[in-house]
>>> print(open('protein.cif').read())   # mmCIF, C-alpha atoms
data_work
loop_
_atom_site.label_atom_id
_atom_site.label_comp_id
_atom_site.auth_asym_id
_atom_site.auth_seq_id
_atom_site.Cartn_x
_atom_site.Cartn_y
_atom_site.Cartn_z
CA MET A 1 0.00 0.00 0.00
CA THR A 2 1.49 3.30 -1.02
CA GLU A 3 0.96 6.79 0.25
CA ASP A 4 -1.05 7.68 -2.84
CA SER A 5 -2.98 4.42 -2.82
CA HIS A 6 -6.24 6.29 -2.36
CA ALA A 7 -6.11 7.32 -6.03
CA SER A 8 -7.73 4.98 -8.49
CA PRO A 9 -5.45 3.27 -11.02
CA GLY A 10 -5.33 5.10 -14.30
CA THR A 11 -6.25 8.45 -12.82
CA THR A 12 -5.00 11.23 -15.08
CA ARG A 13 -3.66 14.61 -14.11
CA ARG A 14 -6.04 17.53 -14.24
CA SER A 15 -5.69 19.77 -17.28
CA ARG A 16 -4.10 23.13 -16.75
CA GLY A 17 -6.42 26.12 -16.54
CA PRO A 18 -5.92 29.66 -17.94
CA TRP A 19 -3.71 30.87 -15.09
CA ARG A 20 -0.88 32.31 -17.15
CA VAL A 21 -1.68 35.89 -16.16
CA GLY A 22 -2.09 35.11 -12.48
CA THR A 23 1.02 32.94 -12.15
CA PRO A 24 3.55 35.83 -11.93
CA LEU A 25 1.44 37.47 -9.24
CA VAL A 26 1.30 34.25 -7.22
CA VAL A 27 5.09 33.78 -7.53
CA LEU A 28 5.65 37.37 -6.39
CA ALA A 29 3.33 36.90 -3.40
CA CYS A 30 5.14 33.69 -2.42
CA GLY A 31 8.46 35.52 -2.56
CA VAL A 32 7.16 38.19 -0.20
CA LEU A 33 5.94 35.52 2.21
CA PHE A 34 9.28 33.70 2.15
CA VAL A 35 11.16 36.90 2.95
CA THR A 36 8.74 37.77 5.75
CA SER A 37 9.02 34.27 7.25
CA ALA A 38 12.80 34.36 7.12
CA ALA A 39 12.86 37.72 8.88
CA ASN A 40 10.45 36.63 11.60
CA SER A 41 12.05 33.26 12.25
CA GLY A 42 15.60 34.49 12.56
CA GLY A 43 16.78 31.26 11.00
CA THR A 44 14.73 29.00 13.30
CA ASP A 45 11.81 26.73 12.54
CA LEU A 46 8.52 28.61 12.70
CA ARG A 47 6.69 25.31 13.23
CA PRO A 48 8.59 23.43 15.96
CA GLY A 49 7.23 20.03 16.83
CA ARG A 50 6.01 19.28 13.31
CA TYR A 51 7.04 15.93 11.87
CA ALA A 52 9.27 15.77 8.82
CA ASP A 53 8.03 12.39 7.63
CA LEU A 54 4.81 10.43 7.59
CA ALA A 55 6.24 7.41 9.43
CA SER A 56 7.10 9.54 12.49
CA LEU A 57 3.65 11.09 12.46
CA VAL A 58 1.93 7.70 12.28
CA ALA A 59 4.10 6.32 15.11
CA ALA A 60 3.39 9.33 17.31
CA GLU A 61 -0.35 9.16 16.66
CA ASN A 62 -0.27 5.43 17.39
CA ARG A 63 1.37 6.01 20.79
CA GLU A 64 -1.08 8.79 21.66
CA TYR A 65 -4.04 6.61 20.71
CA GLN A 66 -2.79 3.76 22.88
CA ARG A 67 -2.41 6.14 25.83
CA LEU A 68 -5.94 7.50 25.38
CA GLU A 69 -7.34 4.01 24.84
CA ALA A 70 -5.82 2.79 28.12
CA ARG A 71 -7.27 5.83 29.90
CA VAL A 72 -10.73 5.19 28.41
CA GLN A 73 -10.64 1.57 29.53
CA GLU A 74 -9.63 2.65 33.03
CA VAL A 75 -12.45 5.20 33.25
CA SER A 76 -14.94 2.69 31.79
CA ARG A 77 -14.08 0.18 34.52
CA ASP A 78 -14.63 2.87 37.15
CA VAL A 79 -18.01 3.76 35.62
CA GLU A 80 -19.10 0.12 35.55
CA ARG A 81 -17.99 -0.42 39.15
CA LEU A 82 -19.79 2.68 40.42
CA THR A 83 -22.90 1.99 38.35
CA ALA A 84 -23.14 -1.53 39.76
CA GLN A 85 -23.32 -0.01 43.25
CA VAL A 86 -26.40 2.03 42.36
CA GLY A 87 -29.54 0.35 43.69
CA ASP A 88 -32.04 2.37 41.68
CA PRO A 89 -34.42 -0.02 39.81
CA GLN A 90 -34.44 2.12 36.66
CA VAL A 91 -30.64 2.13 36.50
CA GLN A 92 -30.55 -1.65 36.93
CA GLN A 93 -33.11 -2.06 34.15
CA LEU A 94 -31.01 0.05 31.80
CA ARG A 95 -27.93 -1.98 32.70
CA ARG A 96 -29.72 -5.19 31.70
CA GLN A 97 -30.70 -3.61 28.39
CA VAL A 98 -27.09 -2.60 27.76
CA GLU A 99 -25.86 -6.10 28.55
CA ARG A 100 -28.32 -7.61 26.03
CA LEU A 101 -27.08 -5.25 23.31
CA GLN A 102 -23.37 -5.77 23.93
CA GLN A 103 -23.06 -8.95 21.87
CA PRO A 104 -24.79 -7.71 18.67
CA ALA A 105 -22.81 -4.46 19.02
CA GLY A 106 -19.53 -6.40 19.04
CA LEU A 107 -18.67 -5.69 22.66
CA ARG A 108 -18.49 -9.38 23.63
CA ALA A 109 -15.92 -11.99 22.65
CA VAL A 110 -17.37 -14.62 20.30
CA SER A 111 -16.30 -17.83 18.58
CA GLY A 112 -17.53 -20.06 15.79
CA PRO A 113 -16.86 -21.27 12.24
CA GLY A 114 -16.14 -18.81 9.46
CA LEU A 115 -13.81 -17.68 6.72
CA THR A 116 -10.36 -16.06 6.61
CA ILE A 117 -9.02 -14.01 3.68
CA THR A 118 -5.46 -12.70 3.46
CA LEU A 119 -4.38 -9.94 1.07
CA SER A 120 -0.76 -9.02 0.43
CA ASP A 121 1.40 -6.97 -1.91
CA ALA A 122 3.10 -8.65 -4.85
CA PRO A 123 6.53 -10.22 -4.14
CA GLU A 124 9.39 -7.74 -4.09
CA ASP A 125 11.05 -9.22 -7.18
CA VAL A 126 7.82 -8.77 -9.16
CA ILE A 127 7.53 -5.15 -8.00
CA ASN A 128 11.17 -4.41 -8.87
CA ALA A 129 10.86 -5.97 -12.34
CA SER A 130 7.53 -4.34 -13.17
CA THR A 131 7.32 -1.75 -15.94
CA GLY A 132 3.55 -1.37 -15.67
CA ASP A 133 1.15 0.27 -13.24
CA LEU A 134 2.54 -0.24 -9.73
CA ASN A 135 -0.91 0.44 -8.26
CA LEU A 136 -1.90 -3.06 -9.34
CA LEU A 137 0.90 -4.63 -7.30
CA VAL A 138 -0.08 -3.39 -3.85
CA VAL A 139 -3.09 -3.78 -1.57
CA HIS A 140 -5.30 -0.70 -1.39
CA GLN A 141 -7.79 0.63 1.09
CA GLN A 142 -10.65 -0.18 -1.28
CA ASP A 143 -9.48 -3.80 -1.53
CA LEU A 144 -9.87 -4.27 2.21
CA GLN A 145 -13.21 -2.48 2.19
CA ALA A 146 -14.45 -4.72 -0.62
CA VAL A 147 -13.59 -7.87 1.34
CA ALA A 148 -15.21 -6.56 4.53
CA ASN A 149 -18.37 -5.48 2.69
CA ALA A 150 -18.68 -8.82 0.91
CA LEU A 151 -18.34 -10.70 4.20
CA TRP A 152 -20.98 -8.53 5.87
CA LYS A 153 -23.23 -9.14 2.88
CA GLY A 154 -22.64 -12.87 3.26
CA GLY A 155 -24.04 -12.81 6.78
CA ALA A 156 -20.92 -12.30 8.89
CA GLU A 157 -21.82 -12.22 12.58
CA ALA A 158 -18.45 -10.88 13.70
CA MET A 159 -15.25 -9.76 11.99
CA THR A 160 -11.61 -9.02 12.72
CA ILE A 161 -8.89 -7.33 10.68
CA GLN A 162 -5.34 -8.07 11.80
CA GLY A 163 -6.87 -9.74 14.85
CA ARG A 164 -8.69 -6.57 15.94
CA ARG A 165 -12.45 -6.75 16.24
CA VAL A 166 -14.27 -4.43 13.88
CA VAL A 167 -17.88 -3.31 13.91
CA THR A 168 -20.14 -1.73 11.34
CA THR A 169 -18.87 1.76 12.21
CA THR A 170 -15.16 0.87 11.99
CA GLY A 171 -13.32 2.88 9.34
CA ILE A 172 -10.50 1.44 7.22
CA LYS A 173 -7.95 4.10 6.32
CA CYS A 174 -4.61 3.94 4.52
CA GLU A 175 -1.64 5.84 5.92
CA GLY A 176 1.55 5.41 3.88
CA ASN A 177 2.25 1.70 3.45
CA ALA A 178 0.04 0.68 6.38
CA VAL A 179 -3.63 0.59 7.29
CA LEU A 180 -5.00 2.42 10.32
CA LEU A 181 -7.51 0.58 12.50
CA GLN A 182 -8.75 2.26 15.65
CA GLY A 183 -5.74 4.55 15.64
CA ARG A 184 -3.12 1.83 15.21
CA ALA A 185 -1.03 1.20 12.10
CA TYR A 186 -0.74 -2.33 10.67
CA PRO A 187 1.51 -3.36 7.74
CA GLN A 188 0.60 -5.99 5.12
CA PRO A 189 -0.20 -8.82 4.74
CA TYR A 190 -3.77 -8.07 5.84
CA THR A 191 -5.83 -10.86 7.39
CA ILE A 192 -9.61 -10.49 7.52
CA SER A 193 -11.63 -13.13 9.37
CA ALA A 194 -15.39 -13.43 9.72
CA ILE A 195 -17.58 -15.70 11.81
CA GLY A 196 -20.61 -17.09 10.03
CA ASN A 197 -21.68 -19.82 7.64
CA PRO A 198 -18.43 -20.54 5.70
CA ALA A 199 -20.30 -21.53 2.51
CA ALA A 200 -22.47 -18.39 2.54
CA LEU A 201 -19.49 -16.15 3.25
CA GLU A 202 -17.45 -17.71 0.44
CA ALA A 203 -20.36 -17.43 -2.00
CA ALA A 204 -20.72 -13.71 -1.24
CA VAL A 205 -17.01 -13.16 -1.83
CA LEU A 206 -16.98 -15.12 -5.10
CA GLN A 207 -20.01 -13.21 -6.41
CA ASP A 208 -18.44 -9.80 -5.81
CA ASP A 209 -17.35 -8.21 -9.11
CA TYR A 210 -14.60 -6.08 -7.55
CA LEU A 211 -13.02 -9.06 -5.80
CA GLU A 212 -13.28 -11.13 -8.99
CA ALA A 213 -11.06 -8.55 -10.71
CA TYR A 214 -8.67 -8.66 -7.74
CA ARG A 215 -8.41 -12.46 -7.97
CA GLU A 216 -7.69 -12.17 -11.69
CA ASP A 217 -4.78 -9.85 -10.87
CA ALA A 218 -3.60 -12.33 -8.25
CA ALA A 219 -3.54 -15.10 -10.89
CA THR A 220 -1.58 -12.95 -13.37
CA PRO A 221 2.20 -13.62 -13.02
CA GLU A 222 3.08 -10.01 -13.86
CA VAL A 223 0.92 -8.81 -10.96
CA SER A 224 0.84 -11.67 -8.43
CA VAL A 225 -0.86 -9.62 -5.73
CA GLY A 226 -1.56 -11.90 -2.77
CA TRP A 227 -4.92 -13.63 -2.25
CA GLU A 228 -5.70 -16.52 0.11
CA MET A 229 -9.12 -17.73 1.26
CA GLN A 230 -9.67 -20.49 3.77
CA ALA A 231 -12.73 -21.89 5.55
CA GLU A 232 -12.30 -22.09 9.34
CA SER A 233 -13.93 -24.67 11.61
CA GLU A 234 -13.43 -22.45 14.66
CA LEU A 235 -12.49 -18.79 15.05
CA ALA A 236 -12.13 -16.93 18.36
CA MET A 237 -12.59 -13.17 18.27
CA PRO A 238 -12.05 -10.65 21.06
CA ALA A 239 -14.57 -7.97 21.95
CA TYR A 240 -14.33 -4.61 20.23
CA ASP A 241 -12.05 -2.45 22.36
CA GLY A 242 -12.13 0.81 20.42
CA LEU A 243 -13.81 4.06 21.35
CA THR A 244 -17.61 3.99 21.52
CA ASN A 245 -18.44 7.65 21.19
CA LEU A 246 -21.34 7.18 18.75
CA SER A 247 -24.37 8.77 20.41
CA HIS A 248 -27.02 7.27 18.13
CA ALA A 249 -27.53 5.75 14.71
CA GLN A 250 -30.37 5.42 12.24
CA PRO A 251 -30.60 2.49 9.80
CA ILE A 252 -30.59 3.25 6.07
CA ARG A 253 -33.99 2.57 4.55
#
>>> encode(input="protein.cif", output="structure tokens")
Amino acid sequence: MTEDSHASPGTTRRSRGPWRVGTPLVVLACGVLFVTSAANSGGTDLRPGRYADLASLVAAENREYQRLEARVQEVSRDVERLTAQVGDPQVQQLRRQVERLQQPAGLRAVSGPGLTITLSDAPEDVINASTGDLNLLVVHQQDLQAVANALWKGGAEAMTIQGRRVVTTTGIKCEGNAVLLQGRAYPQPYTISAIGNPAALEAAVLQDDYLEAYREDAATPEVSVGWEMQAESELAMPAYDGLTNLSHAQPIR
């Protein structure tokens, strides 16, 4: 996955507009800004603390997310402990309702049969020897989304990506050559597992047009992007441990 993997293969550059008259003015304005910045900074960085590369930024954000996640879990335990001490009947009734909704919301660990799909970039020797579109040789954000959507469509009851439980509101986002899940960066290969009827899950995947094209690329020696699919007799999945700051949701009709 590359930093510009969000762009679709074959995307062309935008045509140039009639800016010939305005270009000298823009260049002049930029020159004035550079001189002003140099004078104000005195040779120092006007933006201290900024990161010079994407990898450092991702690592820093990952550490900050882990710190906040640990704090949220600590506070959540305190809330649960204090709430359990409340003897009000209405509070106890609401607690029972919350407990019934935790499993369908993905907040309980589950196990059962299912399907596992692994996506990976093409081998390094294929990438180095390629003279074609390199976008075809790496796993993209939309590839992962297509697999997840097909599995949900096939009746998945629970799902993990890289071993992390995902729910219907989980976003899949590319950042450089990694994917961000719940604030953490994971490199390829990407393993997506779903609990459900293995035959129904596999049928949904095989019927998906986007994934059919991906599998064709995987079978092409000049591309050889990774694709593995395996039925599982038993999968164990942890509870979703990300932030749950969604106040309400309305189903699409």
>>> resolve_selection(input="protein.cif", expression="the PyMOL selection byres ((chain A and resi 172) around 7)", output="PyMOL selection string")
chain A and resi 141+145+170-171+173-174+179-181
>>> resolve_selection(input="protein.cif", expression="the PyMOL selection byres ((chain A and resi 229-244) around 10)", output="number ranges by chain")
A: 65, 68-70, 72-73, 102-103, 105-119, 158-160, 163-167, 169-170, 181-183, 191-199, 201-202, 205, 227-228, 245-247
>>> atom_distance(input="protein.cif", atom1="CA of Ala156 (chain A)", atom2="CA of Tyr190 (chain A)")
17.9 Å
>>> atom_distance(input="protein.cif", atom1="CA of Val75 (chain A)", atom2="CA of Thr168 (chain A)")
24.2 Å
>>> resolve_selection(input="protein.cif", expression="the PyMOL selection byres ((chain A and resi 208) around 12)", output="list in words")
Asp143, Ala146, Val147, Ala148, Asn149, Ala150, Leu151, Lys153, Gly154, Leu201, Glu202, Ala203, Ala204, Val205, Leu206, Gln207, Asp209, Tyr210, Leu211, Glu212, Ala213, Tyr214 and Arg215 of chain A
>>> write_last_selection(input="protein.cif", atoms="C-alpha atoms", output="mmCIF file, keeping the file's coordinate frame")
data_model
loop_
_atom_site.group_PDB
_atom_site.id
_atom_site.type_symbol
_atom_site.label_atom_id
_atom_site.label_comp_id
_atom_site.auth_asym_id
_atom_site.auth_seq_id
_atom_site.Cartn_x
_atom_site.Cartn_y
_atom_site.Cartn_z
ATOM 1 C CA ASP A 143 -9.480 -3.800 -1.530
ATOM 2 C CA ALA A 146 -14.450 -4.720 -0.620
ATOM 3 C CA VAL A 147 -13.590 -7.870 1.340
ATOM 4 C CA ALA A 148 -15.210 -6.560 4.530
ATOM 5 C CA ASN A 149 -18.370 -5.480 2.690
ATOM 6 C CA ALA A 150 -18.680 -8.820 0.910
ATOM 7 C CA LEU A 151 -18.340 -10.700 4.200
ATOM 8 C CA LYS A 153 -23.230 -9.140 2.880
ATOM 9 C CA GLY A 154 -22.640 -12.870 3.260
ATOM 10 C CA LEU A 201 -19.490 -16.150 3.250
ATOM 11 C CA GLU A 202 -17.450 -17.710 0.440
ATOM 12 C CA ALA A 203 -20.360 -17.430 -2.000
ATOM 13 C CA ALA A 204 -20.720 -13.710 -1.240
ATOM 14 C CA VAL A 205 -17.010 -13.160 -1.830
ATOM 15 C CA LEU A 206 -16.980 -15.120 -5.100
ATOM 16 C CA GLN A 207 -20.010 -13.210 -6.410
ATOM 17 C CA ASP A 209 -17.350 -8.210 -9.110
ATOM 18 C CA TYR A 210 -14.600 -6.080 -7.550
ATOM 19 C CA LEU A 211 -13.020 -9.060 -5.800
ATOM 20 C CA GLU A 212 -13.280 -11.130 -8.990
ATOM 21 C CA ALA A 213 -11.060 -8.550 -10.710
ATOM 22 C CA TYR A 214 -8.670 -8.660 -7.740
ATOM 23 C CA ARG A 215 -8.410 -12.460 -7.970
#
>>> atom_distance(input="protein.cif", atom1="CA of Leu134 (chain A)", atom2="CA of Tyr186 (chain A)")
20.8 Å
>>> residues_around(input="protein.cif", residues="Ile127 (chain A)", least_positions_apart="2", cutoff="12 Å", atoms="only C-alpha atoms", output="ChimeraX atom specification")
/A:121-125,129-138,221-225
>>> decode(input="protein.cif", residues="region 69-195 of chain A", atoms="C-alpha atoms", output="mmCIF file, in the first residue's frame")
data_model
loop_
_atom_site.group_PDB
_atom_site.id
_atom_site.type_symbol
_atom_site.label_atom_id
_atom_site.label_comp_id
_atom_site.auth_asym_id
_atom_site.auth_seq_id
_atom_site.Cartn_x
_atom_site.Cartn_y
_atom_site.Cartn_z
ATOM 1 C CA GLU A 69 -7.336 4.010 24.843
ATOM 2 C CA ALA A 70 -5.816 2.794 28.118
ATOM 3 C CA ARG A 71 -7.270 5.833 29.902
ATOM 4 C CA VAL A 72 -10.729 5.191 28.409
ATOM 5 C CA GLN A 73 -10.636 1.574 29.532
ATOM 6 C CA GLU A 74 -9.630 2.647 33.034
ATOM 7 C CA VAL A 75 -12.453 5.198 33.247
ATOM 8 C CA SER A 76 -14.944 2.689 31.793
ATOM 9 C CA ARG A 77 -14.078 0.183 34.520
ATOM 10 C CA ASP A 78 -14.633 2.865 37.148
ATOM 11 C CA VAL A 79 -18.007 3.762 35.617
ATOM 12 C CA GLU A 80 -19.097 0.116 35.553
ATOM 13 C CA ARG A 81 -17.992 -0.416 39.154
ATOM 14 C CA LEU A 82 -19.790 2.680 40.421
ATOM 15 C CA THR A 83 -22.902 1.986 38.351
ATOM 16 C CA ALA A 84 -23.141 -1.534 39.765
ATOM 17 C CA GLN A 85 -23.324 -0.013 43.246
ATOM 18 C CA VAL A 86 -26.399 2.032 42.363
ATOM 19 C CA GLY A 87 -29.537 0.347 43.687
ATOM 20 C CA ASP A 88 -32.041 2.372 41.678
ATOM 21 C CA PRO A 89 -34.420 -0.018 39.809
ATOM 22 C CA GLN A 90 -34.441 2.119 36.657
ATOM 23 C CA VAL A 91 -30.636 2.126 36.499
ATOM 24 C CA GLN A 92 -30.549 -1.651 36.934
ATOM 25 C CA GLN A 93 -33.106 -2.062 34.153
ATOM 26 C CA LEU A 94 -31.006 0.050 31.797
ATOM 27 C CA ARG A 95 -27.931 -1.982 32.700
ATOM 28 C CA ARG A 96 -29.723 -5.186 31.703
ATOM 29 C CA GLN A 97 -30.699 -3.608 28.386
ATOM 30 C CA VAL A 98 -27.087 -2.597 27.759
ATOM 31 C CA GLU A 99 -25.859 -6.102 28.548
ATOM 32 C CA ARG A 100 -28.320 -7.614 26.029
ATOM 33 C CA LEU A 101 -27.084 -5.251 23.310
ATOM 34 C CA GLN A 102 -23.373 -5.769 23.927
ATOM 35 C CA GLN A 103 -23.062 -8.955 21.869
ATOM 36 C CA PRO A 104 -24.793 -7.708 18.672
ATOM 37 C CA ALA A 105 -22.814 -4.462 19.023
ATOM 38 C CA GLY A 106 -19.532 -6.403 19.040
ATOM 39 C CA LEU A 107 -18.671 -5.686 22.663
ATOM 40 C CA ARG A 108 -18.490 -9.378 23.630
ATOM 41 C CA ALA A 109 -15.917 -11.991 22.646
ATOM 42 C CA VAL A 110 -17.369 -14.621 20.296
ATOM 43 C CA SER A 111 -16.304 -17.830 18.576
ATOM 44 C CA GLY A 112 -17.531 -20.064 15.791
ATOM 45 C CA PRO A 113 -16.860 -21.271 12.238
ATOM 46 C CA GLY A 114 -16.140 -18.815 9.465
ATOM 47 C CA LEU A 115 -13.805 -17.677 6.720
ATOM 48 C CA THR A 116 -10.356 -16.057 6.607
ATOM 49 C CA ILE A 117 -9.023 -14.007 3.677
ATOM 50 C CA THR A 118 -5.459 -12.704 3.461
ATOM 51 C CA LEU A 119 -4.382 -9.939 1.072
ATOM 52 C CA SER A 120 -0.757 -9.018 0.427
ATOM 53 C CA ASP A 121 1.405 -6.968 -1.914
ATOM 54 C CA ALA A 122 3.097 -8.647 -4.845
ATOM 55 C CA PRO A 123 6.525 -10.219 -4.138
ATOM 56 C CA GLU A 124 9.392 -7.743 -4.089
ATOM 57 C CA ASP A 125 11.047 -9.222 -7.182
ATOM 58 C CA VAL A 126 7.819 -8.767 -9.159
ATOM 59 C CA ILE A 127 7.527 -5.154 -8.002
ATOM 60 C CA ASN A 128 11.170 -4.407 -8.872
ATOM 61 C CA ALA A 129 10.858 -5.966 -12.343
ATOM 62 C CA SER A 130 7.526 -4.335 -13.170
ATOM 63 C CA THR A 131 7.315 -1.746 -15.939
ATOM 64 C CA GLY A 132 3.550 -1.369 -15.672
ATOM 65 C CA ASP A 133 1.145 0.274 -13.244
ATOM 66 C CA LEU A 134 2.545 -0.240 -9.734
ATOM 67 C CA ASN A 135 -0.910 0.439 -8.262
ATOM 68 C CA LEU A 136 -1.895 -3.064 -9.342
ATOM 69 C CA LEU A 137 0.904 -4.633 -7.304
ATOM 70 C CA VAL A 138 -0.084 -3.395 -3.848
ATOM 71 C CA VAL A 139 -3.092 -3.779 -1.571
ATOM 72 C CA HIS A 140 -5.299 -0.701 -1.392
ATOM 73 C CA GLN A 141 -7.793 0.629 1.087
ATOM 74 C CA GLN A 142 -10.654 -0.177 -1.283
ATOM 75 C CA ASP A 143 -9.482 -3.799 -1.532
ATOM 76 C CA LEU A 144 -9.867 -4.265 2.213
ATOM 77 C CA GLN A 145 -13.206 -2.480 2.190
ATOM 78 C CA ALA A 146 -14.450 -4.716 -0.619
ATOM 79 C CA VAL A 147 -13.587 -7.868 1.338
ATOM 80 C CA ALA A 148 -15.213 -6.563 4.528
ATOM 81 C CA ASN A 149 -18.365 -5.479 2.691
ATOM 82 C CA ALA A 150 -18.681 -8.824 0.907
ATOM 83 C CA LEU A 151 -18.343 -10.696 4.199
ATOM 84 C CA TRP A 152 -20.982 -8.531 5.875
ATOM 85 C CA LYS A 153 -23.226 -9.135 2.876
ATOM 86 C CA GLY A 154 -22.640 -12.874 3.256
ATOM 87 C CA GLY A 155 -24.044 -12.806 6.776
ATOM 88 C CA ALA A 156 -20.922 -12.305 8.894
ATOM 89 C CA GLU A 157 -21.821 -12.224 12.582
ATOM 90 C CA ALA A 158 -18.448 -10.881 13.704
ATOM 91 C CA MET A 159 -15.247 -9.764 11.988
ATOM 92 C CA THR A 160 -11.608 -9.015 12.717
ATOM 93 C CA ILE A 161 -8.889 -7.329 10.677
ATOM 94 C CA GLN A 162 -5.343 -8.074 11.802
ATOM 95 C CA GLY A 163 -6.872 -9.742 14.854
ATOM 96 C CA ARG A 164 -8.686 -6.565 15.944
ATOM 97 C CA ARG A 165 -12.454 -6.751 16.245
ATOM 98 C CA VAL A 166 -14.265 -4.426 13.879
ATOM 99 C CA VAL A 167 -17.879 -3.313 13.912
ATOM 100 C CA THR A 168 -20.141 -1.728 11.339
ATOM 101 C CA THR A 169 -18.874 1.765 12.209
ATOM 102 C CA THR A 170 -15.163 0.866 11.986
ATOM 103 C CA GLY A 171 -13.323 2.877 9.344
ATOM 104 C CA ILE A 172 -10.498 1.437 7.221
ATOM 105 C CA LYS A 173 -7.949 4.096 6.324
ATOM 106 C CA CYS A 174 -4.605 3.940 4.520
ATOM 107 C CA GLU A 175 -1.638 5.836 5.916
ATOM 108 C CA GLY A 176 1.547 5.414 3.885
ATOM 109 C CA ASN A 177 2.253 1.703 3.449
ATOM 110 C CA ALA A 178 0.042 0.677 6.381
ATOM 111 C CA VAL A 179 -3.632 0.591 7.287
ATOM 112 C CA LEU A 180 -5.003 2.418 10.317
ATOM 113 C CA LEU A 181 -7.510 0.575 12.496
ATOM 114 C CA GLN A 182 -8.755 2.258 15.646
ATOM 115 C CA GLY A 183 -5.742 4.552 15.643
ATOM 116 C CA ARG A 184 -3.118 1.829 15.213
ATOM 117 C CA ALA A 185 -1.032 1.195 12.099
ATOM 118 C CA TYR A 186 -0.735 -2.333 10.669
ATOM 119 C CA PRO A 187 1.506 -3.363 7.739
ATOM 120 C CA GLN A 188 0.605 -5.986 5.122
ATOM 121 C CA PRO A 189 -0.195 -8.824 4.745
ATOM 122 C CA TYR A 190 -3.771 -8.068 5.835
ATOM 123 C CA THR A 191 -5.829 -10.860 7.392
ATOM 124 C CA ILE A 192 -9.606 -10.487 7.521
ATOM 125 C CA SER A 193 -11.633 -13.134 9.367
ATOM 126 C CA ALA A 194 -15.390 -13.426 9.720
ATOM 127 C CA ILE A 195 -17.582 -15.702 11.809
#
